[in-house]
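A short write-up of the structure that comes next.
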6 protein chains.
Amino acid sequence: MKTAVYPGSFDPITKGHLDIIERGAKLFDKVIVSILVNTSKVSVFSVEERIKMIQESVSHLDNVEVEYFEGLLVHYMEANNYQIIIRGLRAFADFESEFQMASMNKKLYSDIEIVFLMTNINYSYISSTLIREIIKFGGNVQEMVPPSVYERIIEMYRG
Amino acid sequence: MKTAVYPGSFDPITKGHLDIIERGAKLFDKVIVSILVNTSKVSVFSVEERIKMIQESVSHLDNVEVEYFEGLLVHYMEANNYQIIIRGLRAFADFESEFQMASMNKKLYSDIEIVFLMTNINYSYISSTLIREIIKFGGNVQEMVPPSVYERIIEMYRG
Amino acid sequence: MKTAVYPGSFDPITKGHLDIIERGAKLFDKVIVSILVNTSKVSVFSVEERIKMIQESVSHLDNVEVEYFEGLLVHYMEANNYQIIIRGLRAFADFESEFQMASMNKKLYSDIEIVFLMTNINYSYISSTLIREIIKFGGNVQEMVPPSVYERIIEMYRG
Amino acid sequence: MKTAVYPGSFDPITKGHLDIIERGAKLFDKVIVSILVNTSKVSVFSVEERIKMIQESVSHLDNVEVEYFEGLLVHYMEANNYQIIIRGLRAFADFESEFQMASMNKKLYSDIEIVFLMTNINYSYISSTLIREIIKFGGNVQEMVPPSVYERIIEMYRG
Amino acid sequence: MKTAVYPGSFDPITKGHLDIIERGAKLFDKVIVSILVNTSKVSVFSVEERIKMIQESVSHLDNVEVEYFEGLLVHYMEANNYQIIIRGLRAFADFESEFQMASMNKKLYSDIEIVFLMTNINYSYISSTLIREIIKFGGNVQEMVPPSVYERIIEMYRG
Amino acid sequence: MKTAVYPGSFDPITKGHLDIIERGAKLFDKVIVSILVNTSKVSVFSVEERIKMIQESVSHLDNVEVEYFEGLLVHYMEANNYQIIIRGLRAFADFESEFQMASMNKKLYSDIEIVFLMTNINYSYISSTLIREIIKFGGNVQEMVPPSVYERIIEMYRG
């Protein structure tokens, strides 16, 4: 059975992320969406909120689970005997840092394989960083995030 | 009448910016230089100083005005019924983030059009970030900024 | 009156080109689509066919005309007293060569201004080169070209 | 059963290609190395030679087969009901054209999924084009190609 | 006598840096490894520790010395009458910012010449930033740093 | 004594090339400008013309010589016991292919060192390919080439 890990901050999960998850779920027997918990970075959504929003967004997919981890991705992979990483590549912005991290991670844990999927062109402009910026000023992100995320943002605006 | 907005931090305005403004002023009936006020970022020059330095630098151009705004560019554009954005592209560093922002902005406000002008090759090495770094250590930026900015920096050095 | 030239081979015109023309027609008083005739390069469509296909594709736009030229773009611009060039930038592939050509052209004819529009993200994967390759093997390009081009290709396939 | 196609010219197969095949063979149940036969391009090795060299190079892998096709990749994929494509990405040079082709191919055949693997950093400088150039001048490519290819080149040099 | 300066933060020195120093020492009569002291940035190693680790790592090279400076590189160069800068270029990530800084530095001090060496491909994935991240979580960086740095990190882990 | 080779087609030599030669002549004891003779490529200027134009352009430099070679650069370097290669990097276009060739050449001849100089920003738009295109259509390249090349082109136009 092939299990693949899709790591990220998911603060919040976007339609671009969801597209990668759906396609990964067709390629592998099981996909684990793994939230990297970075305690030294300020986040908009708590880990619990992020887990809940991802779970609601992937509820139509049988072979997708949600986990979270702290520290180095390779340590988490090794501890759980996971060996396949899925990463989404957007048009260009991600390529450089992805390649560097992939090389570094292979050096730290040689058994892993990193599989890259090109982000759907319709979502390639979406970044969580820009979304957080838009949220901050009350802009409308409905086209960029799954419905469950959008609802939560609306609540925040009201809140 | 075609009105174009040239948004930026302008902390401070550089010769590269001024070149874009002069060329934009030939292409469109009116160019509005719009200072993005980001209260959560430390700036070297106050908004008032930036306005003054830009006004002095564009005083030879009849169809250029200076404004400022807070929040999202698209909200500011929509509120003022502006539809054309001018952006300068330097040799390469800007391209990626510009493309992503342009796509995002078009999604948020579909009526806008973003017009890119390639920065004059003689100014393509200039970035406000590097200029602020040089100012911090008392370096000479005379060739990189308009005279009115240079005078203000000299005052700061003395001050 | 601001007249802008949109130069290219247009062998054939694509939906990406058409999108740039439509947006350019909103920015400027007149847009001239100018076919570069390169007699030393084999083309799929004759200059006459290309003119006809462009004319049919832009028939809904009042301020767009079609011309063609041989030799250097700057000579053609200078001879006709044109001063604005429109170029479409796709996600990334075009950027480098566009910048080099723009700098060269400004050196040869300092009065010109080159205005870049980012290609609509939905069309950013389209290149005439790939379309010609697909046509060669009888593939379906209906989503990539305007209707009048598609009809001509179907005729070619039958022919 | 997940079957993945690894398409290319393989003129000749390099150690970089072989590395991708070995890693692909761990990710999927079956990998088909598919030689694109381009009759309008001059090749160094005939299709038969290329098939033989690949077969010898992958003889240690149970789940790898060799095929060849003419025309469009998507037509070949559709005709054989294949849905997964593997592509190797070298440090940078490939990224742009790969992204464009991937988007185009998805448009022509929406069921396909393209999986990218980063080329092993030790092989990332290897390109078949440069190898053909070196072969032309009798240079030593032993470190860049599998043993069976190297033997064939030595024969050519003698021949 | 040609003296070249190799400036950087070296927090800590990596095998990639060491490779550049060794190659620079073959090209020039003397190489000065110059630590940029940035008091406004938090560092993992103190300036003294960094000096010591570099000195131990270059002890086999007769013509290499270690210095440090504060402020602008060009001021330091000018004050010491140094004119050649060595910079390592990794696969891609560095290119943009290097080019911009090089142009800026030449503007500030026209006598300097910047010599770029491509980082050894085996070390091109190494960045001090990622190494600091790995150290933070107790990962193993033995393959990425010289022995004297590795020993110090082990001490830190114990400490 | 440090001898550096500056290889290229020089069809024709440009002001960008000349700038690299002048700066290389300050860094090394001797610079050899080496024309790569590629008999399978059509050139505008014969090897003899290219030698003569380079010699006239570098006549003010004591430590510069002109040579030519056929075949692989590394074979030429090895046969003459040369070990340093100088390459000019323009703003961006060259970077990718330069890096690949550099890695390949180091693999074929491990003793060589490749030193990259950033092309003067004022010449970074100049490419011999574009110059040949302009010459073909009788355009004015006076600002892009040394005087001796310009004279020869004028003769060609008359001729």
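Going by the structure tokens order, chains are called A, B, ..., each with residues numbered from 1, while ligands are numbered from 1 in the order shown.
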Sorted by chain and rising residue number, which residues of chain C lie within 12 Å of chain D, and what are their closest atom pairs and distances in Å to one decimal, counting only C-alpha atoms, as a Markdown table?
```
| residue | atom | partner | partner_atom | distance |
| --- | --- | --- | --- | --- |
| C:Arg90 | CA | D:Gln100 | CA | 10.0 |
| C:Ala91 | CA | D:Glu96 | CA | 8.9 |
| C:Phe92 | CA | D:Glu96 | CA | 7.0 |
| C:Ala93 | CA | D:Glu96 | CA | 5.9 |
| C:Asp94 | CA | D:Glu96 | CA | 9.7 |
| C:Phe95 | CA | D:Glu96 | CA | 11.1 |
| C:Glu96 | CA | D:Glu96 | CA | 11.7 |
| C:Ile121 | CA | D:Ser103 | CA | 11.2 |
| C:Asn122 | CA | D:Ser103 | CA | 9.9 |
| C:Tyr123 | CA | D:Ser103 | CA | 9.8 |
| C:Ser124 | CA | D:Gln100 | CA | 8.0 |
| C:Tyr125 | CA | D:Gln100 | CA | 5.0 |
| C:Ile126 | CA | D:Met104 | CA | 7.0 |
| C:Ser127 | CA | D:Gln100 | CA | 8.4 |
| C:Ser128 | CA | D:Met104 | CA | 11.6 |
| C:Thr129 | CA | D:Met101 | CA | 11.1 |
| C:Leu130 | CA | D:Met101 | CA | 8.1 |
| C:Ile131 | CA | D:Met104 | CA | 9.2 |
| C:Arg132 | CA | D:Leu72 | CA | 11.8 |
| C:Glu133 | CA | D:Leu72 | CA | 8.4 |
| C:Ile134 | CA | D:Leu72 | CA | 7.1 |
| C:Ile135 | CA | D:Leu72 | CA | 10.0 |
| C:Lys136 | CA | D:Gly71 | CA | 8.5 |
| C:Phe137 | CA | D:Gly71 | CA | 5.8 |
| C:Gly138 | CA | D:Leu72 | CA | 8.8 |
| C:Gly139 | CA | D:Leu72 | CA | 7.7 |
| C:Asn140 | CA | D:Leu108 | CA | 7.0 |
| C:Val141 | CA | D:Leu108 | CA | 7.9 |
| C:Gln142 | CA | D:Leu108 | CA | 9.8 |
| C:Glu143 | CA | D:Lys107 | CA | 8.2 |
| C:Met144 | CA | D:Lys107 | CA | 9.2 |
```
I'd like the contact shell of Leu61 (chain F) - 10 Å cut-off, only C-alpha atoms, skipping same-chain residues fewer than 5 positions apart - returned as number ranges by chain. F: 21-22, 25-26, 30-31, 55
Margin query: What's around Leu36 (chain E) at 12 Å? Count only C-alpha atoms, leave out sequence neighbours fewer than 5 positions away in its own chain, and write the answer as number ranges by chain.
Written below: E: 5-11, 41, 43, 46-47, 50-51, 66-74, 76
* To do: DSSP on the backbone, then: every residue of chain D marked strand (DSSP E or B), written as an MDAnalysis selection string.
  => chainID D and resid 3:8 30:36 64:69 84:89 113:118
_Neighbouring residues of Lys2 (chain F) were defined as those with any atom within 8 Å, considering only C-alpha atoms; residues of the same chain fewer than 6 positions away were excluded. Please report them as a PyMOL selection string._
(chain E and resi 27) or (chain F and resi 28-30+84)
Given the selection you just returned, output its residues as a file containing N, CA and C atoms, formatted as an mmCIF file, in the first residue's frame.
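The file below, again_13.cif, is the result:
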```cif
data_model
loop_
_atom_site.group_PDB
_atom_site.id
_atom_site.type_symbol
_atom_site.label_atom_id
_atom_site.label_comp_id
_atom_site.auth_asym_id
_atom_site.auth_seq_id
_atom_site.Cartn_x
_atom_site.Cartn_y
_atom_site.Cartn_z
ATOM 1 N N LEU E 27 42.850 30.592 -7.435
ATOM 2 C CA LEU E 27 42.753 31.640 -8.466
ATOM 3 C C LEU E 27 43.505 32.919 -8.081
ATOM 4 N N PHE F 28 43.614 38.659 -14.316
ATOM 5 C CA PHE F 28 44.560 37.580 -14.603
ATOM 6 C C PHE F 28 45.783 38.113 -15.355
ATOM 7 N N ASP F 29 46.866 37.334 -15.307
ATOM 8 C CA ASP F 29 48.099 37.779 -15.951
ATOM 9 C C ASP F 29 47.970 37.794 -17.469
ATOM 10 N N LYS F 30 47.187 36.870 -17.976
ATOM 11 C CA LYS F 30 47.024 36.786 -19.420
ATOM 12 C C LYS F 30 45.610 36.313 -19.735
ATOM 13 N N ILE F 84 41.747 28.020 -16.508
ATOM 14 C CA ILE F 84 40.734 28.988 -16.076
ATOM 15 C C ILE F 84 39.903 29.455 -17.274
#
```
